[in-house]
file target.txt (compact mmCIF, C-alpha atoms)
# COMPACT_ATOMS: atom_id res chain seq x y z
CA MET A 383 -13.82 -13.50 -9.47
CA LYS A 384 -13.94 -11.22 -6.44
CA LEU A 385 -11.92 -8.09 -7.16
CA ALA A 386 -10.84 -5.10 -5.09
CA VAL A 387 -9.07 -2.02 -6.40
CA CYS A 388 -6.68 0.36 -4.67
CA ILE A 389 -5.75 3.68 -6.28
CA TYR A 390 -2.60 5.55 -5.27
CA GLU A 391 -2.56 8.60 -7.56
CA GLY A 392 -4.59 11.77 -7.73
CA PRO A 393 -6.83 12.72 -10.67
CA TYR A 394 -5.73 14.21 -14.02
CA ASN A 395 -2.02 14.44 -13.13
CA HIS A 396 -1.68 10.67 -13.48
CA GLU A 397 -3.52 8.08 -15.51
CA ALA A 398 -3.92 5.61 -12.64
CA SER A 399 -7.43 6.77 -11.73
CA ASP A 400 -8.64 6.57 -15.34
CA THR A 401 -7.08 3.15 -15.86
CA ALA A 402 -8.64 1.87 -12.66
CA TYR A 403 -12.03 3.21 -13.74
CA ASN A 404 -11.81 1.59 -17.17
CA PHE A 405 -10.61 -1.66 -15.60
CA LEU A 406 -13.59 -1.66 -13.25
CA GLN A 407 -16.06 -0.97 -16.05
CA SER A 408 -14.74 -3.95 -18.00
CA ALA A 409 -14.62 -6.18 -14.93
CA ILE A 410 -18.23 -5.35 -14.04
CA LYS A 411 -19.34 -5.97 -17.62
CA LYS A 412 -17.69 -9.39 -17.48
CA GLY A 413 -19.63 -10.20 -14.32
CA HIS A 414 -16.87 -9.98 -11.70
CA GLU A 415 -17.84 -9.04 -8.17
CA ILE A 416 -16.26 -5.81 -6.89
CA LYS A 417 -15.52 -6.08 -3.16
CA GLY A 418 -14.51 -2.45 -2.89
CA ILE A 419 -12.45 0.48 -4.12
CA PHE A 420 -9.90 2.09 -1.81
CA PHE A 421 -8.23 5.47 -2.31
CA TYR A 422 -4.79 5.86 -0.75
CA HIS A 423 -1.87 8.30 -0.96
CA ASP A 424 -2.84 11.22 -3.31
CA GLY A 425 -5.65 8.98 -4.55
CA VAL A 426 -7.85 10.60 -1.91
CA TYR A 427 -8.09 13.68 -4.18
CA ASN A 428 -10.14 11.71 -6.72
CA VAL A 429 -13.42 12.14 -4.89
CA THR A 430 -13.52 15.78 -3.83
CA LYS A 431 -16.54 17.71 -5.07
CA LEU A 432 -14.40 20.86 -5.14
CA MET A 433 -12.88 19.86 -8.47
CA GLU A 434 -14.32 21.63 -11.50
CA PRO A 435 -12.69 20.41 -14.69
CA PRO A 436 -13.44 22.01 -18.09
CA GLN A 437 -16.89 20.95 -19.31
CA ASP A 438 -15.57 19.05 -22.30
CA ASP A 439 -13.37 16.90 -20.06
CA ARG A 440 -14.34 13.92 -17.94
CA HIS A 441 -15.36 14.73 -14.36
CA ILE A 442 -13.36 12.18 -12.43
CA ALA A 443 -15.02 12.69 -9.04
CA ASN A 444 -18.55 12.51 -10.45
CA ARG A 445 -17.61 9.38 -12.34
CA TRP A 446 -16.49 7.66 -9.12
CA SER A 447 -19.61 8.91 -7.37
CA ALA A 448 -21.81 7.38 -10.08
CA LEU A 449 -20.01 4.08 -9.66
CA GLY A 450 -20.59 4.30 -5.91
CA ALA A 451 -24.29 4.86 -6.58
CA THR A 452 -24.47 1.38 -8.11
CA GLY A 453 -23.71 -0.04 -4.68
CA ILE A 454 -19.94 -0.54 -4.89
CA ASP A 455 -18.23 0.37 -1.64
CA ILE A 456 -15.81 3.26 -2.25
CA VAL A 457 -13.55 4.08 0.68
CA VAL A 458 -11.15 6.97 1.22
CA CYS A 459 -8.35 6.33 3.71
CA ILE A 460 -8.83 8.58 6.71
CA ALA A 461 -5.12 8.91 7.52
CA ALA A 462 -4.20 9.82 3.95
CA ALA A 463 -7.22 12.14 3.70
CA LYS A 464 -6.51 14.05 6.91
CA ARG A 465 -2.95 14.70 5.81
CA ARG A 466 -4.25 16.23 2.58
CA GLY A 467 -7.24 18.23 3.81
CA ILE A 468 -9.86 15.85 2.49
CA VAL A 469 -12.79 15.63 4.92
CA ASP A 470 -16.40 14.38 4.76
CA ASP A 471 -17.66 17.86 3.80
CA VAL A 472 -15.78 17.92 0.51
CA LEU A 473 -16.58 14.38 -0.66
CA VAL A 474 -18.89 13.62 -3.57
CA PRO A 475 -21.88 11.41 -2.65
CA ASN A 476 -21.61 7.61 -2.47
CA VAL A 477 -18.09 7.46 -1.09
CA ARG A 478 -17.06 7.24 2.55
CA ILE A 479 -14.02 7.91 4.72
CA SER A 480 -12.74 5.00 6.76
CA GLY A 481 -9.57 3.32 7.95
CA LEU A 482 -6.92 1.03 6.56
CA GLY A 483 -8.80 -1.86 8.15
CA GLN A 484 -11.15 -1.59 5.17
CA LEU A 485 -8.24 -2.09 2.77
CA THR A 486 -7.17 -5.05 4.88
CA MET A 487 -10.60 -6.65 4.59
CA MET A 488 -10.57 -6.06 0.82
CA ALA A 489 -7.11 -7.66 0.58
CA ILE A 490 -8.33 -10.66 2.55
CA GLU A 491 -11.76 -11.08 0.94
CA ALA A 492 -10.95 -10.37 -2.69
CA ASP A 493 -9.36 -13.01 -4.90
CA ARG A 494 -7.31 -10.22 -6.47
CA LEU A 495 -6.45 -6.81 -5.08
CA VAL A 496 -5.42 -4.72 -8.07
CA VAL A 497 -3.30 -1.66 -7.33
CA PHE A 498 -3.19 1.31 -9.70
CA GLY A 499 -0.28 3.69 -9.19
CA ASP A 500 2.93 4.88 -10.76
CA MET B 1487 -14.81 -20.04 11.40
CA ALA B 1488 -12.11 -22.21 9.86
CA GLU B 1489 -11.06 -19.75 7.17
CA GLU B 1490 -7.44 -20.16 6.16
CA ILE B 1491 -5.14 -17.29 7.05
CA LYS B 1492 -4.45 -15.29 3.90
CA LYS B 1493 -0.88 -14.55 2.85
CA ILE B 1494 -0.34 -10.89 2.02
CA MET B 1495 3.01 -9.58 0.81
CA PHE B 1496 4.23 -6.00 0.70
CA THR B 1497 6.90 -5.08 -1.77
CA VAL B 1498 8.86 -1.88 -1.24
CA ARG B 1499 10.49 -0.80 -4.49
CA LYS B 1500 10.69 2.97 -4.21
CA PRO B 1501 13.33 4.91 -2.27
CA PRO B 1502 12.26 5.93 1.26
CA HIS B 1503 12.53 9.66 0.67
CA GLY B 1504 11.51 11.89 -2.23
CA SER B 1505 7.91 10.70 -2.10
CA ILE B 1506 5.51 9.49 0.57
CA TYR B 1507 4.77 6.02 -0.85
CA VAL B 1508 7.13 4.11 1.41
CA TYR B 1509 6.17 6.00 4.57
CA GLU B 1510 2.42 5.60 4.03
CA GLY B 1511 3.10 2.03 2.94
CA LEU B 1512 4.62 1.41 6.34
CA GLU B 1513 1.42 2.65 7.97
CA VAL B 1514 -0.52 0.04 5.97
CA LYS B 1515 1.81 -2.73 7.17
CA LEU B 1516 1.38 -1.78 10.80
CA ILE B 1517 -2.41 -1.78 10.52
CA MET B 1518 -2.62 -5.02 8.54
CA ALA B 1519 -0.35 -6.78 11.04
CA ALA B 1520 -3.13 -6.34 13.61
CA TYR B 1521 -5.47 -8.45 11.48
CA ASP B 1522 -5.59 -12.16 10.86
CA ALA B 1523 -3.25 -12.24 7.90
CA ASP B 1524 0.16 -13.75 7.20
CA ILE B 1525 2.21 -10.64 6.45
CA SER B 1526 5.59 -10.52 4.72
CA VAL B 1527 7.62 -7.57 3.45
CA VAL B 1528 10.22 -7.58 0.68
CA PHE B 1529 12.54 -4.66 0.02
CA MET B 1530 13.86 -4.56 -3.53
CA ASP B 1531 15.07 -2.12 -6.17
CA ASP B 1532 15.54 1.34 -4.56
CA GLY B 1533 13.35 0.10 -1.70
CA VAL B 1534 16.43 -1.43 -0.09
CA PHE B 1535 17.49 2.11 0.92
CA ALA B 1536 14.52 2.14 3.29
CA VAL B 1537 16.21 -0.46 5.50
CA LYS B 1538 19.66 1.12 5.42
CA GLN B 1539 20.81 2.00 8.90
CA GLY B 1540 21.98 5.47 9.88
CA GLN B 1541 19.43 7.46 7.90
CA ASP B 1542 19.35 11.12 8.87
CA THR B 1543 16.41 13.14 7.53
CA LYS B 1544 17.10 16.31 9.51
CA ALA B 1545 18.37 18.24 6.50
CA LEU B 1546 15.21 17.28 4.59
CA GLY B 1547 13.08 18.87 7.29
CA ILE B 1548 11.01 15.71 7.69
CA LYS B 1549 10.60 13.45 10.68
CA GLY B 1550 11.84 10.24 9.09
CA PHE B 1551 10.43 6.83 9.87
CA ALA B 1552 13.41 4.46 9.88
CA ALA B 1553 13.01 4.12 13.66
CA THR B 1554 9.62 2.50 13.14
CA TYR B 1555 11.28 -0.28 11.16
CA GLY B 1556 13.17 -1.02 14.36
CA ALA B 1557 9.86 -2.09 15.87
CA LEU B 1558 8.59 -4.29 13.02
CA VAL B 1559 9.10 -7.46 15.05
CA ASP B 1560 7.21 -5.86 17.96
CA TYR B 1561 4.34 -5.31 15.52
CA GLU B 1562 4.54 -9.02 14.73
CA ILE B 1563 6.01 -8.45 11.30
CA SER B 1564 8.97 -10.80 11.30
CA GLN B 1565 9.01 -12.06 7.71
CA VAL B 1566 11.12 -9.22 6.37
CA TYR B 1567 13.33 -9.80 3.36
CA VAL B 1568 15.82 -7.90 1.23
CA ASP B 1569 16.60 -8.77 -2.37
CA ARG B 1570 20.29 -9.60 -2.49
CA LYS B 1571 20.90 -8.29 -6.00
CA SER B 1572 19.15 -4.97 -5.38
CA MET B 1573 21.20 -4.53 -2.22
CA GLU B 1574 24.52 -5.38 -3.83
CA ASP B 1575 23.79 -3.31 -6.95
CA ARG B 1576 23.53 -0.31 -4.62
CA GLY B 1577 26.81 -0.97 -2.88
CA MET B 1578 25.19 -2.17 0.32
CA THR B 1579 26.04 -5.22 2.40
CA GLU B 1580 24.13 -7.03 5.13
CA ASP B 1581 26.07 -4.94 7.66
CA ASP B 1582 24.31 -1.83 6.33
CA LEU B 1583 20.85 -3.15 7.17
CA LEU B 1584 19.04 -1.76 10.18
CA VAL B 1585 17.76 -3.86 13.07
CA ILE B 1586 14.02 -4.63 13.00
CA GLY B 1587 13.73 -6.03 16.53
CA GLU B 1588 15.27 -8.47 18.91
CA ASP B 1589 14.85 -12.16 19.63
CA GLU B 1590 12.50 -12.65 22.60
CA ASP B 1591 14.69 -15.31 24.22
CA THR B 1592 18.25 -14.46 23.31
CA GLU B 1593 17.75 -10.67 22.91
CA GLU B 1594 19.89 -10.97 19.78
CA PRO B 1595 19.15 -8.24 17.24
CA ILE B 1596 17.05 -9.34 14.26
CA LYS B 1597 17.81 -7.99 10.80
CA PRO B 1598 15.93 -8.42 7.52
CA GLN B 1599 16.83 -11.66 5.81
CA VAL B 1600 18.75 -11.28 2.57
CA ILE B 1601 17.45 -13.67 -0.09
CA ASP B 1602 17.80 -14.24 -3.82
CA SER B 1603 15.32 -13.17 -6.50
CA ASP B 1604 14.21 -16.72 -7.27
CA GLU B 1605 13.27 -17.24 -3.61
CA ILE B 1606 11.24 -14.00 -3.75
CA ALA B 1607 9.52 -15.19 -6.92
CA ALA B 1608 8.62 -18.49 -5.22
CA MET B 1609 7.19 -16.62 -2.23
CA MET B 1610 5.23 -14.27 -4.50
CA ALA B 1611 3.63 -17.26 -6.20
CA GLU B 1612 2.22 -18.37 -2.83
CA GLN B 1613 0.62 -15.03 -1.93
CA HIS B 1614 -3.09 -14.36 -1.83
CA ASN B 1615 -2.46 -10.69 -2.59
CA ILE B 1616 0.52 -8.38 -3.03
CA LEU B 1617 0.65 -4.66 -2.29
CA ALA B 1618 3.46 -2.60 -3.82
CA PHE B 1619 4.81 0.64 -2.41

call {"tool": "encode", "arguments": {"input": "target.txt", "output": "structure tokens"}}
result
Amino acid sequence: MKLAVCIYEGPYNHEASDTAYNFLQSAIKKGHEIKGIFFYHDGVYNVTKLMEPPQDDRHIANRWSALGATGIDIVVCIAAAKRRGIVDDVLVPNVRISGLGQLTMMAIEADRLVVFGD
Amino acid sequence: MAEEIKKIMFTVRKPPHGSIYVYEGLEVKLIMAAYDADISVVFMDDGVFAVKQGQDTKALGIKGFAATYGALVDYEISQVYVDRKSMEDRGMTEDDLLVIGEDEDTEEPIKPQVIDSDEIAAMMAEQHNILAF
């Protein structure tokens, strides 16, 4: 199945980002095709390299970056990002800033768009 | 390219103020309406407050976005529905709903259509994808 994922919540404060990540890992293992991952609302905070969690905790931004390195398209909404001070300079590698048109294409092209939020 | 037009539904379940979900959700609707997709919007649960007329956000110190709903039809979003039970549970009637545009020919005001939960469920079953805000 072709899947796309949209994440609404920021890191650590909510579980949405972790759940989405675990969902994606399982989906990939089962052989599903991932059409893209889209960060919206406070979700844009998930991929800033400025975060520095304690060393014995998971590094959420690096985790997303590693997933992006496998070739999965990870997109941060530009409108949501601008509002929250997230710009290209603070992003981890392998993610990109783009518009809601990207979410639209994911919603059209994927068999299932799975939203993770509160 | 004979691809079928995909049906995409937006559900609005959260209240319009107190968080940004509904406002940013509106921005998504306006963008998606410009693409080749069959867009519908359903207001339910506390989301029905978003289409209540006479909202005044001045005291909150925020701009408010209810006026944009008045242009939904202009943005070619005309399949706009309100869950009857959610509306009635909150003491609202159809008269409380804001206008989302006007009929091109008759210039009659258009309001969201109030429908029952089973009709919403039937529509949901037909969707390609659903986005909740």

call {"tool": "closest_atom_pairs", "arguments": {"input": "target.txt", "of": "chain B", "to": "chain A", "cutoff": "10 Å", "atoms": "only C-alpha atoms", "output": "JSON lines"}}
result
{"residue": "B:Ile1491", "atom": "CA", "partner": "A:Ile490", "partner_atom": "CA", "distance": 8.6}
{"residue": "B:Lys1492", "atom": "CA", "partner": "A:Ile490", "partner_atom": "CA", "distance": 6.2}
{"residue": "B:Lys1493", "atom": "CA", "partner": "A:Ile490", "partner_atom": "CA", "distance": 8.4}
{"residue": "B:Ile1494", "atom": "CA", "partner": "A:Ala489", "partner_atom": "CA", "distance": 7.6}
{"residue": "B:Ile1506", "atom": "CA", "partner": "A:His423", "partner_atom": "CA", "distance": 7.6}
{"residue": "B:Tyr1507", "atom": "CA", "partner": "A:His423", "partner_atom": "CA", "distance": 7.0}
{"residue": "B:Glu1510", "atom": "CA", "partner": "A:His423", "partner_atom": "CA", "distance": 7.1}
{"residue": "B:Gly1511", "atom": "CA", "partner": "A:His423", "partner_atom": "CA", "distance": 8.9}
{"residue": "B:Glu1513", "atom": "CA", "partner": "A:Leu482", "partner_atom": "CA", "distance": 8.6}
{"residue": "B:Val1514", "atom": "CA", "partner": "A:Leu482", "partner_atom": "CA", "distance": 6.5}
{"residue": "B:Lys1515", "atom": "CA", "partner": "A:Leu482", "partner_atom": "CA", "distance": 9.5}
{"residue": "B:Leu1516", "atom": "CA", "partner": "A:Leu482", "partner_atom": "CA", "distance": 9.7}
{"residue": "B:Ile1517", "atom": "CA", "partner": "A:Leu482", "partner_atom": "CA", "distance": 6.6}
{"residue": "B:Met1518", "atom": "CA", "partner": "A:Thr486", "partner_atom": "CA", "distance": 5.8}
{"residue": "B:Ala1519", "atom": "CA", "partner": "A:Thr486", "partner_atom": "CA", "distance": 9.4}
{"residue": "B:Ala1520", "atom": "CA", "partner": "A:Gly483", "partner_atom": "CA", "distance": 9.1}
{"residue": "B:Tyr1521", "atom": "CA", "partner": "A:Thr486", "partner_atom": "CA", "distance": 7.6}
{"residue": "B:Asp1522", "atom": "CA", "partner": "A:Ile490", "partner_atom": "CA", "distance": 8.9}
{"residue": "B:Ala1523", "atom": "CA", "partner": "A:Ile490", "partner_atom": "CA", "distance": 7.5}
{"residue": "B:His1614", "atom": "CA", "partner": "A:Asp493", "partner_atom": "CA", "distance": 7.1}
{"residue": "B:Asn1615", "atom": "CA", "partner": "A:Leu495", "partner_atom": "CA", "distance": 6.1}
{"residue": "B:Ile1616", "atom": "CA", "partner": "A:Leu495", "partner_atom": "CA", "distance": 7.4}
{"residue": "B:Leu1617", "atom": "CA", "partner": "A:Val497", "partner_atom": "CA", "distance": 7.1}
{"residue": "B:Ala1618", "atom": "CA", "partner": "A:Val497", "partner_atom": "CA", "distance": 7.7}
{"residue": "B:Phe1619", "atom": "CA", "partner": "A:Gly499", "partner_atom": "CA", "distance": 9.0}

call {"tool": "atom_distance", "arguments": {"input": "target.txt", "atom1": "CA of Asp439 (chain A)", "atom2": "CA of Tyr394 (chain A)"}}
result
10.1 Å

call {"tool": "closest_residue", "arguments": {"input": "target.txt", "among": "B:Glu1588, B:Met1495, B:Asp1604, B:Phe1529", "to": "Val1508 (chain B)", "atoms": "all atoms listed in the file"}}
result
B:Phe1529

call {"tool": "atom_distance", "arguments": {"input": "target.txt", "atom1": "CA of Lys1500 (chain B)", "atom2": "CA of Ala1536 (chain B)"}}
result
8.5 Å

call {"tool": "atom_distance", "arguments": {"input": "target.txt", "atom1": "CA of Pro393 (chain A)", "atom2": "CA of Ser1505 (chain B)"}}
result
17.2 Å

call {"tool": "closest_residue", "arguments": {"input": "target.txt", "among": "B:Glu1594, B:Asp1602, B:Asp1524, B:Asp1582", "to": "Arg1570 (chain B)", "atoms": "only C-alpha atoms"}}
result
B:Asp1602

call {"tool": "residues_around", "arguments": {"input": "target.txt", "residues": "Ala1552 (chain B)", "least_positions_apart": "3", "cutoff": "12 Å", "atoms": "all atoms listed in the file", "output": "JSON list (two decimals) with C-alpha atoms, keeping the file's coordinate frame"}}
result
[["chain", "number", "residue", "atom", "x", "y", "z"],
["B", 1502, "PRO", "CA", 12.26, 5.93, 1.26],
["B", 1503, "HIS", "CA", 12.53, 9.66, 0.67],
["B", 1508, "VAL", "CA", 7.13, 4.11, 1.41],
["B", 1509, "TYR", "CA", 6.17, 6.00, 4.57],
["B", 1512, "LEU", "CA", 4.62, 1.41, 6.34],
["B", 1534, "VAL", "CA", 16.43, -1.43, -0.09],
["B", 1535, "PHE", "CA", 17.49, 2.11, 0.92],
["B", 1536, "ALA", "CA", 14.52, 2.14, 3.29],
["B", 1537, "VAL", "CA", 16.21, -0.46, 5.50],
["B", 1538, "LYS", "CA", 19.66, 1.12, 5.42],
["B", 1539, "GLN", "CA", 20.81, 2.00, 8.90],
["B", 1540, "GLY", "CA", 21.98, 5.47, 9.88],
["B", 1541, "GLN", "CA", 19.43, 7.46, 7.90],
["B", 1542, "ASP", "CA", 19.35, 11.12, 8.87],
["B", 1543, "THR", "CA", 16.41, 13.14, 7.53],
["B", 1548, "ILE", "CA", 11.01, 15.71, 7.69],
["B", 1549, "LYS", "CA", 10.60, 13.45, 10.68],
["B", 1555, "TYR", "CA", 11.28, -0.28, 11.16],
["B", 1556, "GLY", "CA", 13.17, -1.02, 14.36],
["B", 1557, "ALA", "CA", 9.86, -2.09, 15.87],
["B", 1558, "LEU", "CA", 8.59, -4.29, 13.02],
["B", 1583, "LEU", "CA", 20.85, -3.15, 7.17],
["B", 1584, "LEU", "CA", 19.04, -1.76, 10.18],
["B", 1585, "VAL", "CA", 17.76, -3.86, 13.07],
["B", 1586, "ILE", "CA", 14.02, -4.63, 13.00]]

call {"tool": "closest_residue", "arguments": {"input": "target.txt", "among": "A:Ala463, A:Ile389, A:Ala398, A:Met383", "to": "Phe420 (chain A)", "atoms": "only C-alpha atoms"}}
result
A:Ile389

call {"tool": "residues_around", "arguments": {"input": "target.txt", "residues": "His414 (chain A)", "least_positions_apart": "6", "cutoff": "9 Å", "atoms": "only C-alpha atoms", "output": "number ranges by chain"}}
result
A: 383-385, 408

call {"tool": "closest_residue", "arguments": {"input": "target.txt", "among": "A:Ile468, A:Ile479, A:Ile410, A:Ala402", "to": "Arg445 (chain A)", "atoms": "all atoms listed in the file"}}
result
A:Ala402

call {"tool": "closest_residue", "arguments": {"input": "target.txt", "among": "A:Gly392, A:Pro475, A:Gly413, A:Gly467", "to": "Trp446 (chain A)", "atoms": "all atoms listed in the file"}}
result
A:Pro475

call {"tool": "closest_residue", "arguments": {"input": "target.txt", "among": "A:Val458, A:Val426, A:Asp400, A:Leu406", "to": "Val477 (chain A)", "atoms": "all atoms listed in the file"}}
result
A:Val458

call {"tool": "build_atoms", "arguments": {"input": "target.txt", "residues": "region 1574-1595 of chain B", "atoms": "N, CA and C atoms", "output": "compact mmCIF listing (two decimals), in the coordinates of the input"}}
result
# COMPACT_ATOMS: atom_id res chain seq x y z
N GLU B 1574 23.13 -5.42 -3.37
CA GLU B 1574 24.52 -5.38 -3.83
C GLU B 1574 24.71 -4.39 -4.98
N ASP B 1575 23.71 -4.28 -5.85
CA ASP B 1575 23.79 -3.31 -6.95
C ASP B 1575 23.96 -1.88 -6.43
N ARG B 1576 23.47 -1.65 -5.20
CA ARG B 1576 23.53 -0.31 -4.62
C ARG B 1576 24.68 -0.16 -3.63
N GLY B 1577 25.61 -1.08 -3.70
CA GLY B 1577 26.81 -0.97 -2.88
C GLY B 1577 26.58 -1.23 -1.41
N MET B 1578 25.47 -1.88 -1.08
CA MET B 1578 25.19 -2.17 0.32
C MET B 1578 25.53 -3.63 0.64
N THR B 1579 25.84 -3.86 1.92
CA THR B 1579 26.04 -5.22 2.40
C THR B 1579 25.07 -5.48 3.54
N GLU B 1580 25.04 -6.70 4.02
CA GLU B 1580 24.13 -7.03 5.13
C GLU B 1580 24.42 -6.17 6.36
N ASP B 1581 25.69 -5.77 6.51
CA ASP B 1581 26.07 -4.94 7.66
C ASP B 1581 25.38 -3.57 7.63
N ASP B 1582 24.97 -3.14 6.45
CA ASP B 1582 24.31 -1.83 6.33
C ASP B 1582 22.84 -1.86 6.74
N LEU B 1583 22.28 -3.05 6.90
CA LEU B 1583 20.85 -3.15 7.17
C LEU B 1583 20.54 -2.80 8.62
N LEU B 1584 19.41 -2.13 8.82
CA LEU B 1584 19.04 -1.76 10.18
C LEU B 1584 18.40 -2.95 10.90
N VAL B 1585 18.33 -2.83 12.22
CA VAL B 1585 17.76 -3.86 13.07
C VAL B 1585 16.25 -3.67 13.13
N ILE B 1586 15.49 -4.75 12.99
CA ILE B 1586 14.02 -4.63 13.00
C ILE B 1586 13.39 -5.17 14.29
N GLY B 1587 14.24 -5.56 15.24
CA GLY B 1587 13.73 -6.03 16.53
C GLY B 1587 14.76 -6.91 17.18
N GLU B 1588 14.34 -7.53 18.29
CA GLU B 1588 15.27 -8.47 18.91
C GLU B 1588 14.58 -9.77 19.28
N ASP B 1589 15.36 -10.83 19.31
CA ASP B 1589 14.85 -12.16 19.63
C ASP B 1589 14.35 -12.16 21.08
N GLU B 1590 13.12 -12.67 21.27
CA GLU B 1590 12.50 -12.65 22.60
C GLU B 1590 13.35 -13.37 23.65
N ASP B 1591 13.94 -14.48 23.26
CA ASP B 1591 14.69 -15.31 24.22
C ASP B 1591 16.13 -14.85 24.38
N THR B 1592 16.80 -14.72 23.24
CA THR B 1592 18.25 -14.46 23.31
C THR B 1592 18.57 -12.96 23.33
N GLU B 1593 17.55 -12.12 23.03
CA GLU B 1593 17.75 -10.67 22.91
C GLU B 1593 18.74 -10.29 21.82
N GLU B 1594 19.02 -11.26 20.94
CA GLU B 1594 19.89 -10.97 19.78
C GLU B 1594 19.14 -10.06 18.81
N PRO B 1595 19.83 -9.10 18.22
CA PRO B 1595 19.15 -8.24 17.24
C PRO B 1595 18.72 -9.04 16.00
